[in-house]
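Here is the file run_22.tsv (TSV, N, CA and C atoms).
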```tsv
chain	number	residue	atom	x	y	z
A	1	MET	N	20.28	-12.41	59.03
A	1	MET	CA	19.69	-11.95	57.80
A	1	MET	C	20.35	-10.64	57.38
A	2	SER	N	21.57	-10.66	57.31
A	2	SER	CA	22.32	-9.46	56.99
A	2	SER	C	21.92	-8.92	55.63
A	3	GLY	N	21.66	-7.63	55.58
A	3	GLY	CA	21.36	-6.99	54.32
A	3	GLY	C	19.89	-7.01	53.92
A	4	LEU	N	19.00	-7.52	54.75
A	4	LEU	CA	17.59	-7.56	54.41
A	4	LEU	C	16.99	-6.17	54.58
A	5	VAL	N	16.25	-5.72	53.58
A	5	VAL	CA	15.57	-4.43	53.65
A	5	VAL	C	14.07	-4.68	53.56
A	6	LEU	N	13.34	-4.24	54.55
A	6	LEU	CA	11.88	-4.37	54.55
A	6	LEU	C	11.28	-3.02	54.20
A	7	LYS	N	10.39	-3.02	53.23
A	7	LYS	CA	9.65	-1.82	52.88
A	7	LYS	C	8.25	-2.00	53.45
A	8	LEU	N	7.89	-1.15	54.38
A	8	LEU	CA	6.62	-1.28	55.08
A	8	LEU	C	5.66	-0.17	54.69
A	9	GLY	N	4.42	-0.57	54.47
A	9	GLY	CA	3.37	0.40	54.20
A	9	GLY	C	2.86	0.97	55.52
A	10	PRO	N	2.01	2.00	55.45
A	10	PRO	CA	1.44	2.59	56.67
A	10	PRO	C	0.71	1.54	57.51
A	11	LYS	N	0.99	1.53	58.78
A	11	LYS	CA	0.36	0.65	59.77
A	11	LYS	C	0.65	-0.84	59.54
A	12	GLU	N	1.57	-1.16	58.64
A	12	GLU	CA	1.91	-2.56	58.41
A	12	GLU	C	2.66	-3.11	59.61
A	13	ARG	N	2.41	-4.38	59.92
A	13	ARG	CA	3.04	-5.02	61.06
A	13	ARG	C	4.02	-6.10	60.60
A	14	VAL	N	5.08	-6.24	61.39
A	14	VAL	CA	6.09	-7.24	61.11
A	14	VAL	C	6.52	-7.84	62.44
A	15	LEU	N	6.81	-9.13	62.42
A	15	LEU	CA	7.28	-9.83	63.61
A	15	LEU	C	8.79	-9.97	63.49
A	16	ILE	N	9.53	-9.41	64.43
A	16	ILE	CA	10.99	-9.49	64.43
A	16	ILE	C	11.43	-10.08	65.76
A	17	ASN	N	12.03	-11.26	65.67
A	17	ASN	CA	12.49	-11.98	66.87
A	17	ASN	C	11.43	-12.04	67.96
A	18	GLY	N	10.20	-12.32	67.56
A	18	GLY	CA	9.12	-12.49	68.52
A	18	GLY	C	8.39	-11.23	68.92
A	19	ALA	N	8.86	-10.07	68.50
A	19	ALA	CA	8.21	-8.80	68.84
A	19	ALA	C	7.43	-8.29	67.63
A	20	VAL	N	6.17	-7.93	67.84
A	20	VAL	CA	5.37	-7.34	66.77
A	20	VAL	C	5.69	-5.85	66.72
A	21	ILE	N	6.07	-5.40	65.53
A	21	ILE	CA	6.40	-3.99	65.33
A	21	ILE	C	5.43	-3.44	64.30
A	22	GLU	N	4.82	-2.30	64.61
A	22	GLU	CA	3.88	-1.68	63.68
A	22	GLU	C	4.48	-0.39	63.14
A	23	ASN	N	4.41	-0.24	61.84
A	23	ASN	CA	4.90	0.97	61.19
A	23	ASN	C	3.96	2.13	61.49
A	24	GLY	N	4.45	3.33	61.34
A	24	GLY	CA	3.65	4.53	61.56
A	24	GLY	C	2.72	4.82	60.39
A	25	ASP	N	2.38	6.09	60.22
A	25	ASP	CA	1.41	6.50	59.22
A	25	ASP	C	2.00	6.63	57.81
A	26	ARG	N	3.30	6.55	57.68
A	26	ARG	CA	3.94	6.71	56.37
A	26	ARG	C	4.71	5.45	56.00
A	27	ARG	N	4.97	5.32	54.70
A	27	ARG	CA	5.81	4.22	54.23
A	27	ARG	C	7.21	4.38	54.81
A	28	SER	N	7.84	3.26	55.08
A	28	SER	CA	9.21	3.34	55.59
A	28	SER	C	9.99	2.10	55.17
A	29	ARG	N	11.29	2.19	55.39
A	29	ARG	CA	12.19	1.09	55.10
A	29	ARG	C	12.97	0.77	56.35
A	30	LEU	N	13.10	-0.51	56.62
A	30	LEU	CA	13.92	-0.97	57.74
A	30	LEU	C	15.04	-1.82	57.16
A	31	SER	N	16.25	-1.54	57.58
A	31	SER	CA	17.39	-2.38	57.20
A	31	SER	C	17.70	-3.28	58.38
A	32	ILE	N	17.64	-4.57	58.15
A	32	ILE	CA	17.92	-5.54	59.20
A	32	ILE	C	19.39	-5.92	59.05
A	33	VAL	N	20.20	-5.57	60.04
A	33	VAL	CA	21.63	-5.81	59.96
A	33	VAL	C	22.08	-6.96	60.87
A	34	THR	N	21.22	-7.39	61.77
A	34	THR	CA	21.57	-8.50	62.65
A	34	THR	C	21.44	-9.81	61.89
A	35	PRO	N	22.51	-10.57	61.81
A	35	PRO	CA	22.41	-11.85	61.12
A	35	PRO	C	21.49	-12.81	61.87
A	36	ASN	N	20.78	-13.63	61.12
A	36	ASN	CA	19.92	-14.68	61.67
A	36	ASN	C	18.74	-14.14	62.48
A	37	ALA	N	18.32	-12.91	62.23
A	37	ALA	CA	17.11	-12.39	62.86
A	37	ALA	C	15.91	-13.10	62.25
A	38	ASN	N	14.93	-13.43	63.08
A	38	ASN	CA	13.71	-14.07	62.59
A	38	ASN	C	12.69	-13.00	62.27
A	39	ILE	N	12.28	-12.95	60.99
A	39	ILE	CA	11.41	-11.88	60.51
A	39	ILE	C	10.25	-12.47	59.75
A	40	LEU	N	9.05	-11.97	60.03
A	40	LEU	CA	7.85	-12.42	59.33
A	40	LEU	C	6.92	-11.24	59.15
A	41	ARG	N	6.60	-10.94	57.89
A	41	ARG	CA	5.59	-9.91	57.62
A	41	ARG	C	4.23	-10.51	57.99
A	42	LEU	N	3.50	-9.82	58.82
A	42	LEU	CA	2.23	-10.38	59.25
A	42	LEU	C	1.19	-10.40	58.13
A	43	ARG	N	1.34	-9.54	57.14
A	43	ARG	CA	0.40	-9.58	56.00
A	43	ARG	C	0.63	-10.84	55.16
A	44	ASP	N	1.84	-11.41	55.23
A	44	ASP	CA	2.16	-12.63	54.49
A	44	ASP	C	1.92	-13.89	55.30
A	45	ALA	N	1.59	-13.74	56.57
A	45	ALA	CA	1.45	-14.90	57.45
A	45	ALA	C	0.29	-15.78	57.01
A	46	ILE	N	0.51	-17.07	57.08
A	46	ILE	CA	-0.54	-18.05	56.79
A	46	ILE	C	-1.12	-18.47	58.14
A	47	HIS	N	-2.44	-18.35	58.27
A	47	HIS	CA	-3.12	-18.73	59.50
A	47	HIS	C	-3.34	-20.24	59.52
A	48	PRO	N	-3.38	-20.85	60.69
A	48	PRO	CA	-3.49	-22.31	60.77
A	48	PRO	C	-4.65	-22.89	59.96
A	49	GLU	N	-5.78	-22.21	59.93
A	49	GLU	CA	-6.93	-22.73	59.18
A	49	GLU	C	-6.74	-22.64	57.66
A	50	GLU	N	-5.72	-21.91	57.22
A	50	GLU	CA	-5.42	-21.78	55.79
A	50	GLU	C	-4.40	-22.82	55.30
A	51	VAL	N	-3.92	-23.66	56.20
A	51	VAL	CA	-2.91	-24.66	55.85
A	51	VAL	C	-3.65	-25.88	55.30
A	52	ASN	N	-4.09	-25.76	54.05
A	52	ASN	CA	-4.94	-26.78	53.46
A	52	ASN	C	-4.43	-27.31	52.11
A	53	THR	N	-3.18	-27.01	51.77
A	53	THR	CA	-2.58	-27.51	50.54
A	53	THR	C	-1.13	-27.90	50.84
A	54	PRO	N	-0.53	-28.70	49.99
A	54	PRO	CA	0.86	-29.13	50.24
A	54	PRO	C	1.86	-27.97	50.32
A	55	VAL	N	1.77	-26.99	49.43
A	55	VAL	CA	2.72	-25.88	49.47
A	55	VAL	C	2.48	-25.03	50.72
A	56	ARG	N	1.24	-24.77	51.04
A	56	ARG	CA	0.94	-24.00	52.25
A	56	ARG	C	1.45	-24.70	53.51
A	57	ARG	N	1.38	-26.03	53.53
A	57	ARG	CA	1.86	-26.79	54.68
A	57	ARG	C	3.36	-26.58	54.87
A	58	VAL	N	4.12	-26.63	53.77
A	58	VAL	CA	5.56	-26.45	53.86
A	58	VAL	C	5.89	-24.99	54.22
A	59	CYS	N	5.17	-24.05	53.62
A	59	CYS	CA	5.37	-22.63	53.98
A	59	CYS	C	5.11	-22.40	55.46
A	60	TYR	N	4.08	-23.05	55.98
A	60	TYR	CA	3.70	-22.85	57.37
A	60	TYR	C	4.80	-23.33	58.32
A	61	ILE	N	5.47	-24.42	57.96
A	61	ILE	CA	6.57	-24.91	58.80
A	61	ILE	C	7.68	-23.86	58.87
A	62	ALA	N	8.03	-23.29	57.72
A	62	ALA	CA	9.06	-22.24	57.71
A	62	ALA	C	8.59	-21.03	58.53
A	63	GLN	N	7.33	-20.71	58.41
A	63	GLN	CA	6.77	-19.58	59.15
A	63	GLN	C	6.84	-19.82	60.66
A	64	LEU	N	6.62	-21.05	61.10
A	64	LEU	CA	6.69	-21.36	62.53
A	64	LEU	C	8.10	-21.13	63.07
A	65	VAL	N	9.10	-21.40	62.26
A	65	VAL	CA	10.48	-21.12	62.69
A	65	VAL	C	10.66	-19.62	62.86
A	66	LEU	N	10.18	-18.85	61.89
A	66	LEU	CA	10.35	-17.40	61.93
A	66	LEU	C	9.59	-16.74	63.07
A	67	SER	N	8.47	-17.33	63.45
A	67	SER	CA	7.69	-16.76	64.54
A	67	SER	C	8.19	-17.22	65.91
A	68	GLY	N	9.13	-18.17	65.91
A	68	GLY	CA	9.66	-18.69	67.16
A	68	GLY	C	8.83	-19.80	67.76
A	69	ASP	N	7.87	-20.32	67.00
A	69	ASP	CA	6.99	-21.38	67.49
A	69	ASP	C	7.49	-22.78	67.17
A	70	ALA	N	8.62	-22.88	66.48
A	70	ALA	CA	9.23	-24.18	66.18
A	70	ALA	C	10.74	-24.04	66.25
A	71	GLN	N	11.39	-25.06	66.71
A	71	GLN	CA	12.84	-25.08	66.77
A	71	GLN	C	13.41	-25.31	65.36
A	72	LYS	N	14.47	-24.62	65.05
A	72	LYS	CA	15.06	-24.70	63.71
A	72	LYS	C	15.45	-26.12	63.34
A	73	GLU	N	16.09	-26.82	64.24
A	73	GLU	CA	16.55	-28.17	63.91
A	73	GLU	C	15.39	-29.13	63.72
A	74	ASP	N	14.31	-28.98	64.50
A	74	ASP	CA	13.14	-29.84	64.32
A	74	ASP	C	12.47	-29.57	62.98
A	75	ALA	N	12.37	-28.30	62.63
A	75	ALA	CA	11.68	-27.92	61.40
A	75	ALA	C	12.52	-28.21	60.16
A	76	LYS	N	13.82	-28.19	60.29
A	76	LYS	CA	14.71	-28.37	59.14
A	76	LYS	C	14.41	-29.67	58.41
A	77	LEU	N	14.32	-30.77	59.13
A	77	LEU	CA	14.05	-32.07	58.51
A	77	LEU	C	12.66	-32.09	57.88
A	78	GLN	N	11.66	-31.54	58.57
A	78	GLN	CA	10.30	-31.48	58.03
A	78	GLN	C	10.26	-30.66	56.74
A	79	LEU	N	10.96	-29.54	56.74
A	79	LEU	CA	11.00	-28.70	55.54
A	79	LEU	C	11.67	-29.41	54.37
A	80	LEU	N	12.79	-30.04	54.63
A	80	LEU	CA	13.50	-30.72	53.55
A	80	LEU	C	12.67	-31.88	52.99
A	81	ARG	N	11.97	-32.60	53.86
A	81	ARG	CA	11.07	-33.68	53.40
A	81	ARG	C	9.92	-33.10	52.57
A	82	GLY	N	9.34	-32.02	53.07
A	82	GLY	CA	8.23	-31.39	52.34
A	82	GLY	C	8.67	-30.87	50.98
A	83	ILE	N	9.85	-30.26	50.92
A	83	ILE	CA	10.37	-29.76	49.65
A	83	ILE	C	10.62	-30.92	48.69
A	84	GLU	N	11.15	-32.01	49.20
A	84	GLU	CA	11.38	-33.20	48.36
A	84	GLU	C	10.06	-33.74	47.81
A	85	GLN	N	9.03	-33.80	48.64
A	85	GLN	CA	7.72	-34.27	48.18
A	85	GLN	C	7.16	-33.35	47.10
A	86	LEU	N	7.30	-32.05	47.30
A	86	LEU	CA	6.82	-31.10	46.30
A	86	LEU	C	7.58	-31.25	44.99
A	87	SER	N	8.88	-31.53	45.09
A	87	SER	CA	9.69	-31.64	43.87
A	87	SER	C	9.31	-32.86	43.04
A	88	GLN	N	8.65	-33.83	43.64
A	88	GLN	CA	8.19	-34.99	42.89
A	88	GLN	C	6.93	-34.69	42.11
A	89	VAL	N	6.23	-33.63	42.47
A	89	VAL	CA	4.98	-33.27	41.80
A	89	VAL	C	5.17	-32.05	40.90
A	90	LEU	N	5.86	-31.05	41.39
A	90	LEU	CA	6.08	-29.82	40.62
A	90	LEU	C	7.39	-29.97	39.86
A	91	THR	N	7.30	-30.44	38.63
A	91	THR	CA	8.50	-30.81	37.87
A	91	THR	C	8.90	-29.80	36.81
A	92	ASP	N	8.15	-28.72	36.65
A	92	ASP	CA	8.52	-27.71	35.66
A	92	ASP	C	9.77	-26.95	36.11
A	93	HIS	N	10.42	-26.32	35.17
A	93	HIS	CA	11.70	-25.64	35.43
A	93	HIS	C	11.58	-24.56	36.51
A	94	ASP	N	10.56	-23.71	36.41
A	94	ASP	CA	10.42	-22.61	37.39
A	94	ASP	C	10.21	-23.14	38.81
A	95	SER	N	9.37	-24.16	38.94
A	95	SER	CA	9.13	-24.75	40.26
A	95	SER	C	10.39	-25.38	40.81
A	96	ARG	N	11.11	-26.09	39.95
A	96	ARG	CA	12.37	-26.73	40.37
A	96	ARG	C	13.37	-25.69	40.86
A	97	THR	N	13.43	-24.56	40.18
A	97	THR	CA	14.35	-23.50	40.58
A	97	THR	C	13.98	-22.98	41.98
A	98	LEU	N	12.69	-22.74	42.20
A	98	LEU	CA	12.25	-22.25	43.51
A	98	LEU	C	12.47	-23.30	44.60
A	99	LEU	N	12.21	-24.56	44.30
A	99	LEU	CA	12.40	-25.62	45.28
A	99	LEU	C	13.88	-25.82	45.63
A	100	THR	N	14.73	-25.74	44.61
A	100	THR	CA	16.17	-25.85	44.85
A	100	THR	C	16.64	-24.70	45.73
A	101	SER	N	16.18	-23.51	45.41
A	101	SER	CA	16.54	-22.33	46.21
A	101	SER	C	16.07	-22.50	47.65
A	102	ALA	N	14.83	-22.93	47.83
A	102	ALA	CA	14.28	-23.11	49.18
A	102	ALA	C	15.09	-24.15	49.95
A	103	SER	N	15.43	-25.22	49.30
A	103	SER	CA	16.21	-26.28	49.95
A	103	SER	C	17.58	-25.76	50.38
A	104	GLU	N	18.25	-25.03	49.51
A	104	GLU	CA	19.56	-24.47	49.84
A	104	GLU	C	19.46	-23.49	51.00
A	105	GLU	N	18.41	-22.68	51.02
A	105	GLU	CA	18.24	-21.70	52.09
A	105	GLU	C	17.98	-22.40	53.43
A	106	VAL	N	17.20	-23.47	53.41
A	106	VAL	CA	16.96	-24.23	54.64
A	106	VAL	C	18.28	-24.80	55.15
A	107	LEU	N	19.06	-25.38	54.26
A	107	LEU	CA	20.35	-25.95	54.65
A	107	LEU	C	21.30	-24.89	55.21
A	108	ASP	N	21.16	-23.65	54.72
A	108	ASP	CA	21.98	-22.54	55.21
A	108	ASP	C	21.38	-21.87	56.45
A	109	GLY	N	20.20	-22.33	56.88
A	109	GLY	CA	19.55	-21.74	58.04
A	109	GLY	C	18.88	-20.41	57.76
A	110	GLN	N	18.63	-20.12	56.49
A	110	GLN	CA	18.00	-18.86	56.08
A	110	GLN	C	16.50	-19.10	55.82
A	111	TYR	N	15.73	-19.16	56.90
A	111	TYR	CA	14.33	-19.55	56.81
A	111	TYR	C	13.45	-18.48	56.16
A	112	TYR	N	13.80	-17.23	56.31
A	112	TYR	CA	13.03	-16.17	55.63
A	112	TYR	C	13.17	-16.32	54.12
A	113	GLN	N	14.39	-16.52	53.65
A	113	GLN	CA	14.62	-16.69	52.22
A	113	GLN	C	13.98	-17.97	51.71
A	114	ALA	N	13.99	-19.02	52.53
A	114	ALA	CA	13.33	-20.27	52.14
A	114	ALA	C	11.83	-20.04	52.00
A	115	LEU	N	11.24	-19.34	52.95
A	115	LEU	CA	9.80	-19.04	52.88
A	115	LEU	C	9.49	-18.20	51.65
A	116	LYS	N	10.34	-17.24	51.36
A	116	LYS	CA	10.14	-16.39	50.19
A	116	LYS	C	10.12	-17.24	48.91
A	117	ALA	N	11.04	-18.16	48.78
A	117	ALA	CA	11.08	-19.04	47.60
A	117	ALA	C	9.84	-19.93	47.55
A	118	LEU	N	9.47	-20.49	48.67
A	118	LEU	CA	8.30	-21.38	48.71
A	118	LEU	C	7.01	-20.63	48.38
A	119	ARG	N	6.90	-19.39	48.84
A	119	ARG	CA	5.70	-18.60	48.54
A	119	ARG	C	5.55	-18.36	47.04
A	120	GLY	N	6.65	-18.39	46.32
A	120	GLY	CA	6.59	-18.25	44.87
A	120	GLY	C	5.86	-19.40	44.19
A	121	LEU	N	5.69	-20.51	44.90
A	121	LEU	CA	4.97	-21.67	44.36
A	121	LEU	C	3.45	-21.58	44.57
A	122	LEU	N	3.01	-20.71	45.46
A	122	LEU	CA	1.58	-20.64	45.79
A	122	LEU	C	0.68	-20.34	44.58
A	123	PRO	N	1.02	-19.37	43.73
A	123	PRO	CA	0.14	-19.13	42.56
A	123	PRO	C	0.07	-20.33	41.62
A	124	ARG	N	1.18	-21.01	41.43
A	124	ARG	CA	1.21	-22.19	40.55
A	124	ARG	C	0.35	-23.30	41.14
A	125	GLU	N	0.47	-23.53	42.44
A	125	GLU	CA	-0.33	-24.55	43.10
A	125	GLU	C	-1.82	-24.22	42.99
A	126	GLU	N	-2.14	-22.95	43.18
A	126	GLU	CA	-3.55	-22.52	43.08
A	126	GLU	C	-4.11	-22.80	41.69
A	127	ARG	N	-3.32	-22.49	40.66
A	127	ARG	CA	-3.77	-22.76	39.28
A	127	ARG	C	-3.94	-24.25	39.03
A	128	LEU	N	-3.03	-25.06	39.51
A	128	LEU	CA	-3.12	-26.51	39.32
A	128	LEU	C	-4.33	-27.08	40.03
A	129	LEU	N	-4.59	-26.64	41.24
A	129	LEU	CA	-5.74	-27.13	41.98
A	129	LEU	C	-7.05	-26.66	41.33
A	130	ALA	N	-7.08	-25.45	40.81
A	130	ALA	CA	-8.28	-24.94	40.12
A	130	ALA	C	-8.53	-25.75	38.85
A	131	ALA	N	-7.49	-26.08	38.12
A	131	ALA	CA	-7.64	-26.86	36.89
A	131	ALA	C	-8.14	-28.28	37.20
A	132	ALA	N	-7.72	-28.82	38.32
A	132	ALA	CA	-8.13	-30.17	38.70
A	132	ALA	C	-9.61	-30.22	39.10
A	133	ARG	N	-10.14	-29.10	39.59
A	133	ARG	CA	-11.55	-29.04	39.99
A	133	ARG	C	-12.49	-28.94	38.81
A	134	VAL	N	-11.98	-28.50	37.68
A	134	VAL	CA	-12.83	-28.27	36.50
A	134	VAL	C	-13.15	-29.57	35.81
```

Whole structure given in structure tokens:
Amino acid sequence: MSGLVLKLGPKERVLINGAVIENGDRRSRLSIVTPNANILRLRDAIHPEEVNTPVRRVCYIAQLVLSGDAQKEDAKLQLLRGIEQLSQVLTDHDSRTLLTSASEEVLDGQYYQALKALRGLLPREERLLAAARV
């Protein structure tokens, strides 16, 4: 993940290659220079009981790779299938752009960037599900 810059708030936690790191009392920035480091902001983490929608399910798979709880090659196929399924439902231009980006990042082995693109779909999914309940 060469060139990734994390801006952390006070006491914010981040998982880097399996180690939980907690920021101090002040805001700070971390530059990640090691390529292919697995990074997950714990404030962005989806807990297993929250995996209750299609987009959250696909995000969770990417998150498992970043936390070291899933092998990249095993998750790659699941992610690409999940992204394909989402692309059949989310057909608007913005969603397609995010899904294409996520797919390319998975193929490049950039799971943090894939998760970032997929998380961009969460507000749209929430609105669609809310509209369906009405």

Coordinates-based distance that separates CA of Tyr112 in chain A from CA of Leu99 in chain A (Å, one decimal):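 Between these atoms lies a distance of 14.0 Å.
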
Those of chain A in DSSP helix (DSSP H, G or I), formatted as a ChimeraX atom specification: /A:42-44,48-50,54-67,72-89,93-107,111-119,122-133

DSSP-assigned strand (DSSP E or B) among chain A, expressed as a PyMOL selection string: chain A and resi 4-8+13-16+19-22+28-32+39-41

Close residues, range 10-18 of chain A itself excluded, 8 Å, all atoms listed in the file, min 5 positions apart in chain, as a VMD selection string: chain A and resid 23 to 28 36 to 44 66 to 68

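Between atom C of Leu121 in chain A and CA of Arg56 in chain A lies a distance of 8.4 Å.
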
For range 44-66 of chain A, which lacks atoms in the input, supply N, CA, C and O atoms and format the output as a PDB file, in the frame of the given file.
```
ATOM      1  N   ASP A  44       1.840 -11.410  55.230  1.00  0.00           N
ATOM      2  CA  ASP A  44       2.160 -12.630  54.490  1.00  0.00           C
ATOM      3  C   ASP A  44       1.920 -13.890  55.300  1.00  0.00           C
ATOM      4  O   ASP A  44       2.068 -14.988  54.776  1.00  0.00           O
ATOM      5  N   ALA A  45       1.590 -13.740  56.570  1.00  0.00           N
ATOM      6  CA  ALA A  45       1.450 -14.900  57.450  1.00  0.00           C
ATOM      7  C   ALA A  45       0.290 -15.780  57.010  1.00  0.00           C
ATOM      8  O   ALA A  45      -0.769 -15.290  56.617  1.00  0.00           O
ATOM      9  N   ILE A  46       0.510 -17.070  57.080  1.00  0.00           N
ATOM     10  CA  ILE A  46      -0.540 -18.050  56.790  1.00  0.00           C
ATOM     11  C   ILE A  46      -1.120 -18.470  58.140  1.00  0.00           C
ATOM     12  O   ILE A  46      -0.396 -18.884  59.043  1.00  0.00           O
ATOM     13  N   HIS A  47      -2.440 -18.350  58.270  1.00  0.00           N
ATOM     14  CA  HIS A  47      -3.120 -18.730  59.500  1.00  0.00           C
ATOM     15  C   HIS A  47      -3.340 -20.240  59.520  1.00  0.00           C
ATOM     16  O   HIS A  47      -3.485 -20.852  58.457  1.00  0.00           O
ATOM     17  N   PRO A  48      -3.380 -20.850  60.690  1.00  0.00           N
ATOM     18  CA  PRO A  48      -3.490 -22.310  60.770  1.00  0.00           C
ATOM     19  C   PRO A  48      -4.650 -22.890  59.960  1.00  0.00           C
ATOM     20  O   PRO A  48      -4.499 -23.941  59.334  1.00  0.00           O
ATOM     21  N   GLU A  49      -5.780 -22.210  59.930  1.00  0.00           N
ATOM     22  CA  GLU A  49      -6.930 -22.730  59.180  1.00  0.00           C
ATOM     23  C   GLU A  49      -6.740 -22.640  57.660  1.00  0.00           C
ATOM     24  O   GLU A  49      -7.491 -23.239  56.901  1.00  0.00           O
ATOM     25  N   GLU A  50      -5.720 -21.910  57.220  1.00  0.00           N
ATOM     26  CA  GLU A  50      -5.420 -21.780  55.790  1.00  0.00           C
ATOM     27  C   GLU A  50      -4.400 -22.820  55.300  1.00  0.00           C
ATOM     28  O   GLU A  50      -4.041 -22.838  54.140  1.00  0.00           O
ATOM     29  N   VAL A  51      -3.920 -23.660  56.200  1.00  0.00           N
ATOM     30  CA  VAL A  51      -2.910 -24.660  55.850  1.00  0.00           C
ATOM     31  C   VAL A  51      -3.650 -25.880  55.300  1.00  0.00           C
ATOM     32  O   VAL A  51      -3.827 -26.884  55.972  1.00  0.00           O
ATOM     33  N   ASN A  52      -4.090 -25.760  54.050  1.00  0.00           N
ATOM     34  CA  ASN A  52      -4.940 -26.780  53.460  1.00  0.00           C
ATOM     35  C   ASN A  52      -4.430 -27.310  52.110  1.00  0.00           C
ATOM     36  O   ASN A  52      -5.168 -27.964  51.388  1.00  0.00           O
ATOM     37  N   THR A  53      -3.180 -27.010  51.770  1.00  0.00           N
ATOM     38  CA  THR A  53      -2.580 -27.510  50.540  1.00  0.00           C
ATOM     39  C   THR A  53      -1.130 -27.900  50.840  1.00  0.00           C
ATOM     40  O   THR A  53      -0.563 -27.453  51.842  1.00  0.00           O
ATOM     41  N   PRO A  54      -0.530 -28.700  49.990  1.00  0.00           N
ATOM     42  CA  PRO A  54       0.860 -29.130  50.240  1.00  0.00           C
ATOM     43  C   PRO A  54       1.860 -27.970  50.320  1.00  0.00           C
ATOM     44  O   PRO A  54       2.708 -27.949  51.231  1.00  0.00           O
ATOM     45  N   VAL A  55       1.770 -26.990  49.430  1.00  0.00           N
ATOM     46  CA  VAL A  55       2.720 -25.880  49.470  1.00  0.00           C
ATOM     47  C   VAL A  55       2.480 -25.030  50.720  1.00  0.00           C
ATOM     48  O   VAL A  55       3.435 -24.633  51.394  1.00  0.00           O
ATOM     49  N   ARG A  56       1.240 -24.770  51.040  1.00  0.00           N
ATOM     50  CA  ARG A  56       0.940 -24.000  52.250  1.00  0.00           C
ATOM     51  C   ARG A  56       1.450 -24.700  53.510  1.00  0.00           C
ATOM     52  O   ARG A  56       1.928 -24.058  54.434  1.00  0.00           O
ATOM     53  N   ARG A  57       1.380 -26.030  53.530  1.00  0.00           N
ATOM     54  CA  ARG A  57       1.860 -26.790  54.680  1.00  0.00           C
ATOM     55  C   ARG A  57       3.360 -26.580  54.870  1.00  0.00           C
ATOM     56  O   ARG A  57       3.835 -26.324  55.979  1.00  0.00           O
ATOM     57  N   VAL A  58       4.120 -26.630  53.770  1.00  0.00           N
ATOM     58  CA  VAL A  58       5.560 -26.450  53.860  1.00  0.00           C
ATOM     59  C   VAL A  58       5.890 -24.990  54.220  1.00  0.00           C
ATOM     60  O   VAL A  58       6.772 -24.738  55.050  1.00  0.00           O
ATOM     61  N   CYS A  59       5.170 -24.050  53.620  1.00  0.00           N
ATOM     62  CA  CYS A  59       5.370 -22.630  53.980  1.00  0.00           C
ATOM     63  C   CYS A  59       5.110 -22.400  55.460  1.00  0.00           C
ATOM     64  O   CYS A  59       5.838 -21.661  56.130  1.00  0.00           O
ATOM     65  N   TYR A  60       4.080 -23.050  55.980  1.00  0.00           N
ATOM     66  CA  TYR A  60       3.700 -22.850  57.370  1.00  0.00           C
ATOM     67  C   TYR A  60       4.800 -23.330  58.320  1.00  0.00           C
ATOM     68  O   TYR A  60       5.063 -22.703  59.352  1.00  0.00           O
ATOM     69  N   ILE A  61       5.470 -24.420  57.960  1.00  0.00           N
ATOM     70  CA  ILE A  61       6.570 -24.910  58.800  1.00  0.00           C
ATOM     71  C   ILE A  61       7.680 -23.860  58.870  1.00  0.00           C
ATOM     72  O   ILE A  61       8.195 -23.572  59.945  1.00  0.00           O
ATOM     73  N   ALA A  62       8.030 -23.290  57.720  1.00  0.00           N
ATOM     74  CA  ALA A  62       9.060 -22.240  57.710  1.00  0.00           C
ATOM     75  C   ALA A  62       8.590 -21.030  58.530  1.00  0.00           C
ATOM     76  O   ALA A  62       9.369 -20.421  59.266  1.00  0.00           O
ATOM     77  N   GLN A  63       7.330 -20.710  58.410  1.00  0.00           N
ATOM     78  CA  GLN A  63       6.770 -19.580  59.150  1.00  0.00           C
ATOM     79  C   GLN A  63       6.840 -19.820  60.660  1.00  0.00           C
ATOM     80  O   GLN A  63       7.121 -18.898  61.427  1.00  0.00           O
ATOM     81  N   LEU A  64       6.620 -21.050  61.100  1.00  0.00           N
ATOM     82  CA  LEU A  64       6.690 -21.360  62.530  1.00  0.00           C
ATOM     83  C   LEU A  64       8.100 -21.130  63.070  1.00  0.00           C
ATOM     84  O   LEU A  64       8.257 -20.703  64.219  1.00  0.00           O
ATOM     85  N   VAL A  65       9.100 -21.400  62.260  1.00  0.00           N
ATOM     86  CA  VAL A  65      10.480 -21.120  62.690  1.00  0.00           C
ATOM     87  C   VAL A  65      10.660 -19.620  62.860  1.00  0.00           C
ATOM     88  O   VAL A  65      11.210 -19.155  63.867  1.00  0.00           O
ATOM     89  N   LEU A  66      10.180 -18.850  61.890  1.00  0.00           N
ATOM     90  CA  LEU A  66      10.350 -17.400  61.930  1.00  0.00           C
ATOM     91  C   LEU A  66       9.590 -16.740  63.070  1.00  0.00           C
ATOM     92  O   LEU A  66      10.019 -15.725  63.608  1.00  0.00           O
TER      93      LEU A  66
END
```
